[in-house]
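I have placed the structure first, in the form of structure tokens, so that the comments after it can refer back to it.
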Amino acid sequence: MGLFGILVGLGLLIWLAFRGWSVLLLAPLCALIAAAFGGQPLLASWTQTFMRSAADFLAQFFPIFLLGAIFGKLMDDSGAVAAVAEVITRRLGERRTILGVVLAGALVTYGGVSLFVAFFVIVPMAQSLFRMAGIPRRLVPAAVILGTSTFTMSALPGTPSIQNAIPMPFFGTTPFAAPGLGIIAGMIMLAVGLWWLRRAEQAARRAGEGYGEAPATSSGATDDELLRERASTAREFDPAEIRRGHHSAAKVPALNAFLPLIVVVAVNLLMSLLILPRLDVSFLAEDRWGGTSLTAVAGVWSVVVALAGAIVTVIVCNWSRLPELRRTMDAGANASVLPALSVASLVGFGAVVAALPAFDIVRDWVLGIEGGPLVSLAVSTNLLAALTGSASGGLTIALDALGATYLDIAEQRGIDPDLLHRVAVIGSGTLDILPHNGAVVSLLAICGLTHRESYFDIVMVGIVTSLVALGAVIVLGEAFGSF
């Protein structure tokens, strides 16, 4: 009955979330259903297991949600995101339109700009460029996904994405875990994705297919409550806040636009590799500081300081373009709350399920997957991200339930935790891009397209490329270890 309860609870969570019900309501309800089937005390499961796990997640990662959303909103309202995208696409020219859109999305998201901010800025620009180049508009979502939601989210070392931050407390790693493997994975994703898009473009030209009819307006996408509920579990920015604040109409110099992105990467690197390792933080072992260690908090600290430095930089560089700074920062702060609470609720659901006696069956099945711990870790993160439609939610549930077990296995077999980190992150960013994924649904709504028109190309550049890269990382990691 306990295993049946897990399946019922998970099935209801997926079905009702896809129909637009808030995860804030669904997660505790479905957790209690699973607990009831497992014969567990319901109130204790809610207040002592669900809420404690959700609160622990917020305690660890809410600063990243908060600062990341504020930074993204400041970059958007100042016009810096649009300026970065314009510079890149203009330099590459009309003949390399797809490459320009992909690189524009990659640069701003690797620099710390929230995914939905990038969507609302890059999509209109991409549509204009595709129209001029005669490339079918149905390829716009795939180009945007490749640039914003693949290698810059899960592969490139140092990316400030929440997905790259989640494994750090579990494995004692930094944002730059397994940098060589991450770069190789990123190159594979980019190369395979560009090959596919180029192939699709050429096939369309041979068939005489042009840009197509003008897309439907996306102005209502931010007000769609169904879209909002799905999107809030997918990434770290509430789409409802996109239109709030004050968007500057003034042109941003290239240096002012690029400098905050450079600060994110540079400060993150300095904090991770030079500054934090030299600090005396022995006081962290005291109970009042949580009885923790530097390895457990260093990664989050690095990202937090990097984002804080970037926020100061974008304000200083674009002060005159932020006439209503308080409104902009308020909108950014508000944009972080619903996604953080939604993912925390998914984590709480996972904690209740993991506490059930029947979960031992699931754990034994996962750990018994052929191919060793790297393969089973990749499978577990893939499956949970696919089921929840959330890379961050699926990843946290998997590591909450099995992270300590994988770390023990790694120590016994001499596997570098950095390798676990990179496999887990890339694994979470593959099958999460299923049709019910909030980012996919939101992007298609913004583009005025349907799943029928564009989803196949999204699968090829978002799922297939990531699976190929994940396989390469596992093979190389097994052969050479982490590097």
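Ordered as shown in the structure tokens, chains take letters A, B, and onward, while each chain numbers its residues from 1 and ligands are numbered from 1 in the order shown.
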Those of stretch 287-393 of chain A in DSSP helix (DSSP H, G or I), formatted as a PyMOL selection string: chain A and resi 287-289+294-317+319-321+325-354+359-367+373-388+391-393
What's around A:Asn268 at 12 Å? Count only C-alpha atoms, leave out sequence neighbours fewer than 2 positions away in its own chain, and write the answer as an mmCIF file with all heavy atoms, in the first residue's frame.
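Ended up saving to out_7.cif:
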data_model
loop_
_atom_site.group_PDB
_atom_site.id
_atom_site.type_symbol
_atom_site.label_atom_id
_atom_site.label_comp_id
_atom_site.auth_asym_id
_atom_site.auth_seq_id
_atom_site.Cartn_x
_atom_site.Cartn_y
_atom_site.Cartn_z
ATOM 1 N N TYR A 110 24.181 32.865 -18.794
ATOM 2 C CA TYR A 110 25.427 32.501 -18.105
ATOM 3 C C TYR A 110 25.892 33.655 -17.209
ATOM 4 O O TYR A 110 26.548 33.437 -16.191
ATOM 5 C CB TYR A 110 26.515 32.147 -19.117
ATOM 6 C CG TYR A 110 27.792 31.651 -18.476
ATOM 7 C CD1 TYR A 110 27.810 30.498 -17.703
ATOM 8 C CD2 TYR A 110 28.986 32.345 -18.636
ATOM 9 C CE1 TYR A 110 28.980 30.038 -17.103
ATOM 10 C CE2 TYR A 110 30.164 31.889 -18.060
ATOM 11 C CZ TYR A 110 30.152 30.737 -17.294
ATOM 12 O OH TYR A 110 31.319 30.293 -16.698
ATOM 13 N N GLY A 111 25.515 34.857 -17.586
ATOM 14 C CA GLY A 111 25.848 36.019 -16.770
ATOM 15 C C GLY A 111 24.891 36.255 -15.619
ATOM 16 O O GLY A 111 25.035 37.237 -14.884
ATOM 17 N N GLY A 112 23.893 35.377 -15.439
ATOM 18 C CA GLY A 112 23.048 35.466 -14.260
ATOM 19 C C GLY A 112 21.666 36.036 -14.470
ATOM 20 O O GLY A 112 20.902 36.174 -13.511
ATOM 21 N N PRO A 157 30.970 25.438 -16.318
ATOM 22 C CA PRO A 157 31.394 25.667 -14.932
ATOM 23 C C PRO A 157 31.182 27.118 -14.530
ATOM 24 O O PRO A 157 31.418 28.039 -15.310
ATOM 25 C CB PRO A 157 32.891 25.307 -14.956
ATOM 26 C CG PRO A 157 33.295 25.450 -16.394
ATOM 27 C CD PRO A 157 32.097 25.064 -17.196
ATOM 28 N N GLY A 158 30.720 27.303 -13.309
ATOM 29 C CA GLY A 158 30.537 28.645 -12.787
ATOM 30 C C GLY A 158 29.192 29.259 -13.052
ATOM 31 O O GLY A 158 28.923 30.373 -12.581
ATOM 32 N N THR A 159 28.317 28.595 -13.798
ATOM 33 C CA THR A 159 27.020 29.196 -14.070
ATOM 34 C C THR A 159 26.259 29.437 -12.761
ATOM 35 O O THR A 159 26.235 28.570 -11.886
ATOM 36 C CB THR A 159 26.182 28.298 -15.007
ATOM 37 O OG1 THR A 159 24.882 28.870 -15.154
ATOM 38 C CG2 THR A 159 26.034 26.897 -14.459
ATOM 39 N N PRO A 160 25.666 30.616 -12.608
ATOM 40 C CA PRO A 160 24.965 30.932 -11.352
ATOM 41 C C PRO A 160 23.535 30.401 -11.310
ATOM 42 O O PRO A 160 22.748 30.823 -10.464
ATOM 43 C CB PRO A 160 24.970 32.465 -11.336
ATOM 44 C CG PRO A 160 24.974 32.853 -12.770
ATOM 45 C CD PRO A 160 25.748 31.792 -13.501
ATOM 46 N N SER A 161 23.179 29.476 -12.192
ATOM 47 C CA SER A 161 21.818 28.926 -12.187
ATOM 48 C C SER A 161 21.557 28.193 -10.873
ATOM 49 O O SER A 161 22.468 27.632 -10.261
ATOM 50 C CB SER A 161 21.627 27.959 -13.358
ATOM 51 O OG SER A 161 22.363 26.767 -13.155
ATOM 52 N N ALA A 165 23.650 25.300 -8.345
ATOM 53 C CA ALA A 165 23.895 25.552 -6.916
ATOM 54 C C ALA A 165 23.371 24.430 -6.026
ATOM 55 O O ALA A 165 23.931 24.175 -4.954
ATOM 56 C CB ALA A 165 23.251 26.876 -6.509
ATOM 57 N N THR A 174 31.748 23.298 -5.504
ATOM 58 C CA THR A 174 31.643 24.707 -5.858
ATOM 59 C C THR A 174 30.924 24.835 -7.196
ATOM 60 O O THR A 174 30.700 23.828 -7.883
ATOM 61 C CB THR A 174 33.032 25.368 -5.974
ATOM 62 O OG1 THR A 174 33.661 24.912 -7.200
ATOM 63 C CG2 THR A 174 33.916 25.013 -4.789
ATOM 64 N N PRO A 175 30.585 26.064 -7.621
ATOM 65 C CA PRO A 175 29.938 26.219 -8.936
ATOM 66 C C PRO A 175 30.826 25.767 -10.092
ATOM 67 O O PRO A 175 30.333 25.566 -11.202
ATOM 68 C CB PRO A 175 29.651 27.719 -9.017
ATOM 69 C CG PRO A 175 29.651 28.203 -7.601
ATOM 70 C CD PRO A 175 30.644 27.340 -6.892
ATOM 71 N N PHE A 176 32.125 25.618 -9.841
ATOM 72 C CA PHE A 176 33.068 25.248 -10.894
ATOM 73 C C PHE A 176 33.433 23.768 -10.834
ATOM 74 O O PHE A 176 34.505 23.366 -11.279
ATOM 75 C CB PHE A 176 34.326 26.118 -10.795
ATOM 76 C CG PHE A 176 34.078 27.559 -11.102
ATOM 77 C CD1 PHE A 176 33.667 28.432 -10.093
ATOM 78 C CD2 PHE A 176 34.207 28.063 -12.378
ATOM 79 C CE1 PHE A 176 33.407 29.776 -10.367
ATOM 80 C CE2 PHE A 176 33.959 29.391 -12.663
ATOM 81 C CZ PHE A 176 33.553 30.253 -11.650
ATOM 82 N N LEU A 261 27.558 41.318 -16.359
ATOM 83 C CA LEU A 261 27.662 39.892 -16.656
ATOM 84 C C LEU A 261 29.066 39.376 -16.381
ATOM 85 O O LEU A 261 29.259 38.269 -15.858
ATOM 86 C CB LEU A 261 27.286 39.625 -18.118
ATOM 87 C CG LEU A 261 25.925 40.148 -18.587
ATOM 88 C CD1 LEU A 261 25.723 39.840 -20.066
ATOM 89 C CD2 LEU A 261 24.804 39.540 -17.757
ATOM 90 N N ILE A 262 30.047 40.194 -16.732
ATOM 91 C CA ILE A 262 31.448 39.818 -16.468
ATOM 92 C C ILE A 262 31.701 39.738 -14.969
ATOM 93 O O ILE A 262 32.409 38.841 -14.489
ATOM 94 C CB ILE A 262 32.393 40.837 -17.137
ATOM 95 C CG1 ILE A 262 32.229 40.786 -18.655
ATOM 96 C CG2 ILE A 262 33.844 40.569 -16.743
ATOM 97 C CD1 ILE A 262 32.957 41.904 -19.389
ATOM 98 N N VAL A 263 31.111 40.662 -14.220
ATOM 99 C CA VAL A 263 31.289 40.673 -12.769
ATOM 100 C C VAL A 263 30.770 39.379 -12.147
ATOM 101 O O VAL A 263 31.398 38.810 -11.251
ATOM 102 C CB VAL A 263 30.584 41.906 -12.152
ATOM 103 C CG1 VAL A 263 30.479 41.769 -10.626
ATOM 104 C CG2 VAL A 263 31.344 43.173 -12.502
ATOM 105 N N VAL A 264 29.612 38.897 -12.603
ATOM 106 C CA VAL A 264 29.052 37.660 -12.057
ATOM 107 C C VAL A 264 30.048 36.516 -12.171
ATOM 108 O O VAL A 264 30.351 35.818 -11.201
ATOM 109 C CB VAL A 264 27.736 37.287 -12.772
ATOM 110 C CG1 VAL A 264 27.280 35.895 -12.347
ATOM 111 C CG2 VAL A 264 26.650 38.297 -12.455
ATOM 112 N N VAL A 265 30.585 36.333 -13.359
ATOM 113 C CA VAL A 265 31.504 35.209 -13.598
ATOM 114 C C VAL A 265 32.818 35.406 -12.856
ATOM 115 O O VAL A 265 33.322 34.482 -12.205
ATOM 116 C CB VAL A 265 31.750 35.042 -15.110
ATOM 117 C CG1 VAL A 265 32.716 33.883 -15.363
ATOM 118 C CG2 VAL A 265 30.435 34.799 -15.841
ATOM 119 N N ALA A 266 33.374 36.616 -12.929
ATOM 120 C CA ALA A 266 34.682 36.873 -12.320
ATOM 121 C C ALA A 266 34.636 36.761 -10.801
ATOM 122 O O ALA A 266 35.508 36.126 -10.181
ATOM 123 C CB ALA A 266 35.182 38.253 -12.739
ATOM 124 N N LEU A 270 36.570 34.092 -8.357
ATOM 125 C CA LEU A 270 37.481 34.537 -7.296
ATOM 126 C C LEU A 270 37.037 34.024 -5.928
ATOM 127 O O LEU A 270 37.864 33.554 -5.134
ATOM 128 C CB LEU A 270 37.557 36.063 -7.286
ATOM 129 C CG LEU A 270 38.290 36.721 -8.460
ATOM 130 C CD1 LEU A 270 38.133 38.235 -8.402
ATOM 131 C CD2 LEU A 270 39.771 36.341 -8.439
ATOM 132 N N MET A 271 35.752 34.115 -5.654
ATOM 133 C CA MET A 271 35.252 33.641 -4.366
ATOM 134 C C MET A 271 35.457 32.136 -4.207
ATOM 135 O O MET A 271 35.860 31.658 -3.143
ATOM 136 C CB MET A 271 33.763 33.981 -4.228
ATOM 137 C CG MET A 271 33.457 35.451 -4.072
ATOM 138 S SD MET A 271 34.068 36.144 -2.521
ATOM 139 C CE MET A 271 33.058 35.261 -1.330
ATOM 140 N N SER A 272 35.182 31.378 -5.257
ATOM 141 C CA SER A 272 35.248 29.917 -5.180
ATOM 142 C C SER A 272 36.670 29.406 -5.039
ATOM 143 O O SER A 272 36.936 28.490 -4.244
ATOM 144 C CB SER A 272 34.603 29.291 -6.424
ATOM 145 O OG SER A 272 33.249 29.617 -6.516
ATOM 146 N N LEU A 273 37.605 29.988 -5.794
ATOM 147 C CA LEU A 273 38.940 29.409 -5.886
ATOM 148 C C LEU A 273 40.007 30.143 -5.078
ATOM 149 O O LEU A 273 41.018 29.538 -4.714
ATOM 150 C CB LEU A 273 39.378 29.356 -7.357
ATOM 151 C CG LEU A 273 38.442 28.587 -8.304
ATOM 152 C CD1 LEU A 273 39.025 28.544 -9.705
ATOM 153 C CD2 LEU A 273 38.183 27.183 -7.791
ATOM 154 N N LEU A 274 39.789 31.412 -4.777
ATOM 155 C CA LEU A 274 40.852 32.177 -4.109
ATOM 156 C C LEU A 274 40.464 32.714 -2.738
ATOM 157 O O LEU A 274 41.200 32.540 -1.767
ATOM 158 C CB LEU A 274 41.282 33.346 -5.012
ATOM 159 C CG LEU A 274 41.960 32.970 -6.332
ATOM 160 C CD1 LEU A 274 42.282 34.223 -7.134
ATOM 161 C CD2 LEU A 274 43.233 32.168 -6.073
ATOM 162 N N ILE A 275 39.330 33.379 -2.640
ATOM 163 C CA ILE A 275 39.012 34.115 -1.412
ATOM 164 C C ILE A 275 38.502 33.204 -0.300
ATOM 165 O O ILE A 275 39.074 33.159 0.797
ATOM 166 C CB ILE A 275 37.989 35.237 -1.713
ATOM 167 C CG1 ILE A 275 38.592 36.252 -2.692
ATOM 168 C CG2 ILE A 275 37.564 35.930 -0.427
ATOM 169 C CD1 ILE A 275 37.633 37.319 -3.144
ATOM 170 N N LEU A 276 37.433 32.460 -0.557
ATOM 171 C CA LEU A 276 36.837 31.632 0.506
ATOM 172 C C LEU A 276 37.787 30.569 1.048
ATOM 173 O O LEU A 276 37.823 30.349 2.264
ATOM 174 C CB LEU A 276 35.539 30.990 0.000
ATOM 175 C CG LEU A 276 34.353 31.933 -0.171
ATOM 176 C CD1 LEU A 276 33.138 31.193 -0.697
ATOM 177 C CD2 LEU A 276 34.010 32.627 1.141
ATOM 178 N N ALA A 298 30.215 27.171 0.961
ATOM 179 C CA ALA A 298 31.079 27.980 0.103
ATOM 180 C C ALA A 298 30.458 28.231 -1.268
ATOM 181 O O ALA A 298 30.534 29.345 -1.802
ATOM 182 C CB ALA A 298 32.446 27.307 -0.051
ATOM 183 N N GLY A 299 29.853 27.209 -1.854
ATOM 184 C CA GLY A 299 29.285 27.378 -3.183
ATOM 185 C C GLY A 299 28.181 28.408 -3.207
ATOM 186 O O GLY A 299 28.147 29.283 -4.086
ATOM 187 N N VAL A 300 27.272 28.322 -2.259
ATOM 188 C CA VAL A 300 26.174 29.292 -2.194
ATOM 189 C C VAL A 300 26.715 30.687 -1.909
ATOM 190 O O VAL A 300 26.277 31.670 -2.516
ATOM 191 C CB VAL A 300 25.150 28.873 -1.128
ATOM 192 C CG1 VAL A 300 24.099 29.958 -0.935
ATOM 193 C CG2 VAL A 300 24.487 27.554 -1.509
ATOM 194 N N TRP A 301 27.670 30.784 -0.990
ATOM 195 C CA TRP A 301 28.270 32.078 -0.690
ATOM 196 C C TRP A 301 28.888 32.704 -1.941
ATOM 197 O O TRP A 301 28.757 33.909 -2.186
ATOM 198 C CB TRP A 301 29.328 31.936 0.395
ATOM 199 C CG TRP A 301 28.775 31.765 1.778
ATOM 200 C CD1 TRP A 301 27.468 31.603 2.133
ATOM 201 C CD2 TRP A 301 29.520 31.730 3.002
ATOM 202 N NE1 TRP A 301 27.351 31.467 3.495
ATOM 203 C CE2 TRP A 301 28.586 31.537 4.057
ATOM 204 C CE3 TRP A 301 30.869 31.819 3.310
ATOM 205 C CZ2 TRP A 301 28.974 31.459 5.391
ATOM 206 C CZ3 TRP A 301 31.266 31.743 4.646
ATOM 207 C CH2 TRP A 301 30.323 31.564 5.677
ATOM 208 N N SER A 302 29.573 31.903 -2.747
ATOM 209 C CA SER A 302 30.216 32.423 -3.955
ATOM 210 C C SER A 302 29.197 33.018 -4.906
ATOM 211 O O SER A 302 29.379 34.127 -5.436
ATOM 212 C CB SER A 302 30.995 31.305 -4.661
ATOM 213 O OG SER A 302 32.033 30.811 -3.855
ATOM 214 N N VAL A 303 28.108 32.303 -5.141
ATOM 215 C CA VAL A 303 27.085 32.780 -6.064
ATOM 216 C C VAL A 303 26.392 34.019 -5.513
ATOM 217 O O VAL A 303 26.131 34.986 -6.242
ATOM 218 C CB VAL A 303 26.057 31.669 -6.353
ATOM 219 C CG1 VAL A 303 24.932 32.192 -7.247
ATOM 220 C CG2 VAL A 303 26.731 30.470 -7.005
ATOM 221 N N VAL A 304 26.113 34.022 -4.215
ATOM 222 C CA VAL A 304 25.436 35.159 -3.590
ATOM 223 C C VAL A 304 26.285 36.428 -3.705
ATOM 224 O O VAL A 304 25.780 37.504 -4.076
ATOM 225 C CB VAL A 304 25.114 34.843 -2.115
ATOM 226 C CG1 VAL A 304 24.747 36.110 -1.354
ATOM 227 C CG2 VAL A 304 23.977 33.827 -2.023
ATOM 228 N N VAL A 305 27.568 36.320 -3.394
ATOM 229 C CA VAL A 305 28.443 37.494 -3.480
ATOM 230 C C VAL A 305 28.570 37.959 -4.932
ATOM 231 O O VAL A 305 28.572 39.163 -5.222
ATOM 232 C CB VAL A 305 29.823 37.183 -2.885
ATOM 233 C CG1 VAL A 305 30.801 38.334 -3.135
ATOM 234 C CG2 VAL A 305 29.713 36.917 -1.386
ATOM 235 N N ALA A 306 28.659 37.006 -5.867
ATOM 236 C CA ALA A 306 28.769 37.362 -7.281
ATOM 237 C C ALA A 306 27.525 38.121 -7.758
ATOM 238 O O ALA A 306 27.636 39.139 -8.447
ATOM 239 C CB ALA A 306 28.978 36.100 -8.115
ATOM 240 N N LEU A 307 26.355 37.636 -7.390
ATOM 241 C CA LEU A 307 25.122 38.313 -7.793
ATOM 242 C C LEU A 307 24.985 39.679 -7.117
ATOM 243 O O LEU A 307 24.536 40.644 -7.741
ATOM 244 C CB LEU A 307 23.910 37.439 -7.465
ATOM 245 C CG LEU A 307 23.745 36.178 -8.328
ATOM 246 C CD1 LEU A 307 22.634 35.297 -7.773
ATOM 247 C CD2 LEU A 307 23.446 36.553 -9.779
ATOM 248 N N ALA A 308 25.371 39.755 -5.839
ATOM 249 C CA ALA A 308 25.318 41.043 -5.145
ATOM 250 C C ALA A 308 26.248 42.057 -5.805
ATOM 251 O O ALA A 308 25.883 43.231 -6.004
ATOM 252 C CB ALA A 308 25.684 40.859 -3.670
ATOM 253 N N GLY A 309 27.451 41.619 -6.174
ATOM 254 C CA GLY A 309 28.386 42.508 -6.866
ATOM 255 C C GLY A 309 27.854 42.958 -8.210
ATOM 256 O O GLY A 309 28.020 44.120 -8.612
ATOM 257 N N ALA A 310 27.185 42.044 -8.908
ATOM 258 C CA ALA A 310 26.620 42.391 -10.211
ATOM 259 C C ALA A 310 25.463 43.373 -10.073
ATOM 260 O O ALA A 310 25.280 44.251 -10.923
ATOM 261 C CB ALA A 310 26.152 41.119 -10.916
#
All residues 10 Å or closer to A:Asp330, only C-alpha atoms, same chain fewer than 4 positions away omitted, as number ranges by chain: A: 70, 73, 241, 244-245, 325-326, 334-335
Go ahead and write the selection's residues with N, CA and C atoms as a short mmCIF file (atom, residue, chain, number, x, y, z; two decimals), in the first residue's frame.
data_model
loop_
_atom_site.label_atom_id
_atom_site.label_comp_id
_atom_site.auth_asym_id
_atom_site.auth_seq_id
_atom_site.Cartn_x
_atom_site.Cartn_y
_atom_site.Cartn_z
N ILE A 70 16.33 39.85 -8.68
CA ILE A 70 16.58 41.31 -8.66
C ILE A 70 17.55 41.70 -9.76
N LYS A 73 15.87 41.57 -13.17
CA LYS A 73 14.94 42.68 -13.37
C LYS A 73 15.68 44.00 -13.62
N GLU A 241 5.80 39.43 -12.84
CA GLU A 241 6.54 40.65 -12.49
C GLU A 241 7.30 41.25 -13.67
N ARG A 244 6.13 44.74 -14.57
CA ARG A 244 6.16 45.73 -13.50
C ARG A 244 7.53 46.41 -13.45
N GLY A 245 7.63 47.48 -12.68
CA GLY A 245 8.87 48.25 -12.69
C GLY A 245 8.79 49.33 -13.74
N LEU A 325 14.11 53.08 -9.38
CA LEU A 325 14.91 51.96 -8.89
C LEU A 325 14.14 51.12 -7.88
N ARG A 326 13.43 51.77 -6.98
CA ARG A 326 12.71 51.02 -5.95
C ARG A 326 11.66 50.10 -6.57
N ASN A 334 9.83 40.51 -5.56
CA ASN A 334 8.55 39.80 -5.60
C ASN A 334 8.60 38.61 -6.56
N ALA A 335 9.35 38.77 -7.65
CA ALA A 335 9.44 37.71 -8.66
C ALA A 335 10.13 36.46 -8.14
#
Nearby residues (only C-alpha atoms) at most 10 Å from stretch 355-366 of chain A, same-chain spacing under 4 positions excluded, as number ranges by chain: A: 1-6, 34-35, 37-40, 45, 49-50, 350-351, 370, 373, 375-377, 379-380, 401-402, 405
Residue contacts of A:Ile162 (10 Å, only C-alpha atoms) excluding same-chain residues fewer than 2 positions away, as a list in words: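 Once the nearby chain positions are removed, what remains is Phe61, Phe62, Ile64, Phe65, Gly68, Gly112, Met153, Ser154, Thr159, Pro160, Asn164, Ala165, Ile166, Pro167, Arg235, Glu236, Val300, Val303, Ala391, Ser392 and Val425 of chain A.
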Spatial neighbours of stretch 284-292 of chain A, max dist 12 Å, only C-alpha atoms, sep filter under 6 positions, as number ranges by chain: A: 56, 59-60, 169-170, 172, 298
From A:Phe71, A:Trp46, A:Phe119, A:Phe349, residue lying nearest A:Ser149 [only C-alpha atoms]: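 With only C-alpha atoms as the atom set, the closest residue is A:Phe119.
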For atom CA of A:Gln412 and atom CA of A:Ala479, the interatomic separation in Å (one decimal):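 Going from atom CA of A:Gln412 over to atom CA of A:Ala479, I get 17.1 Å.
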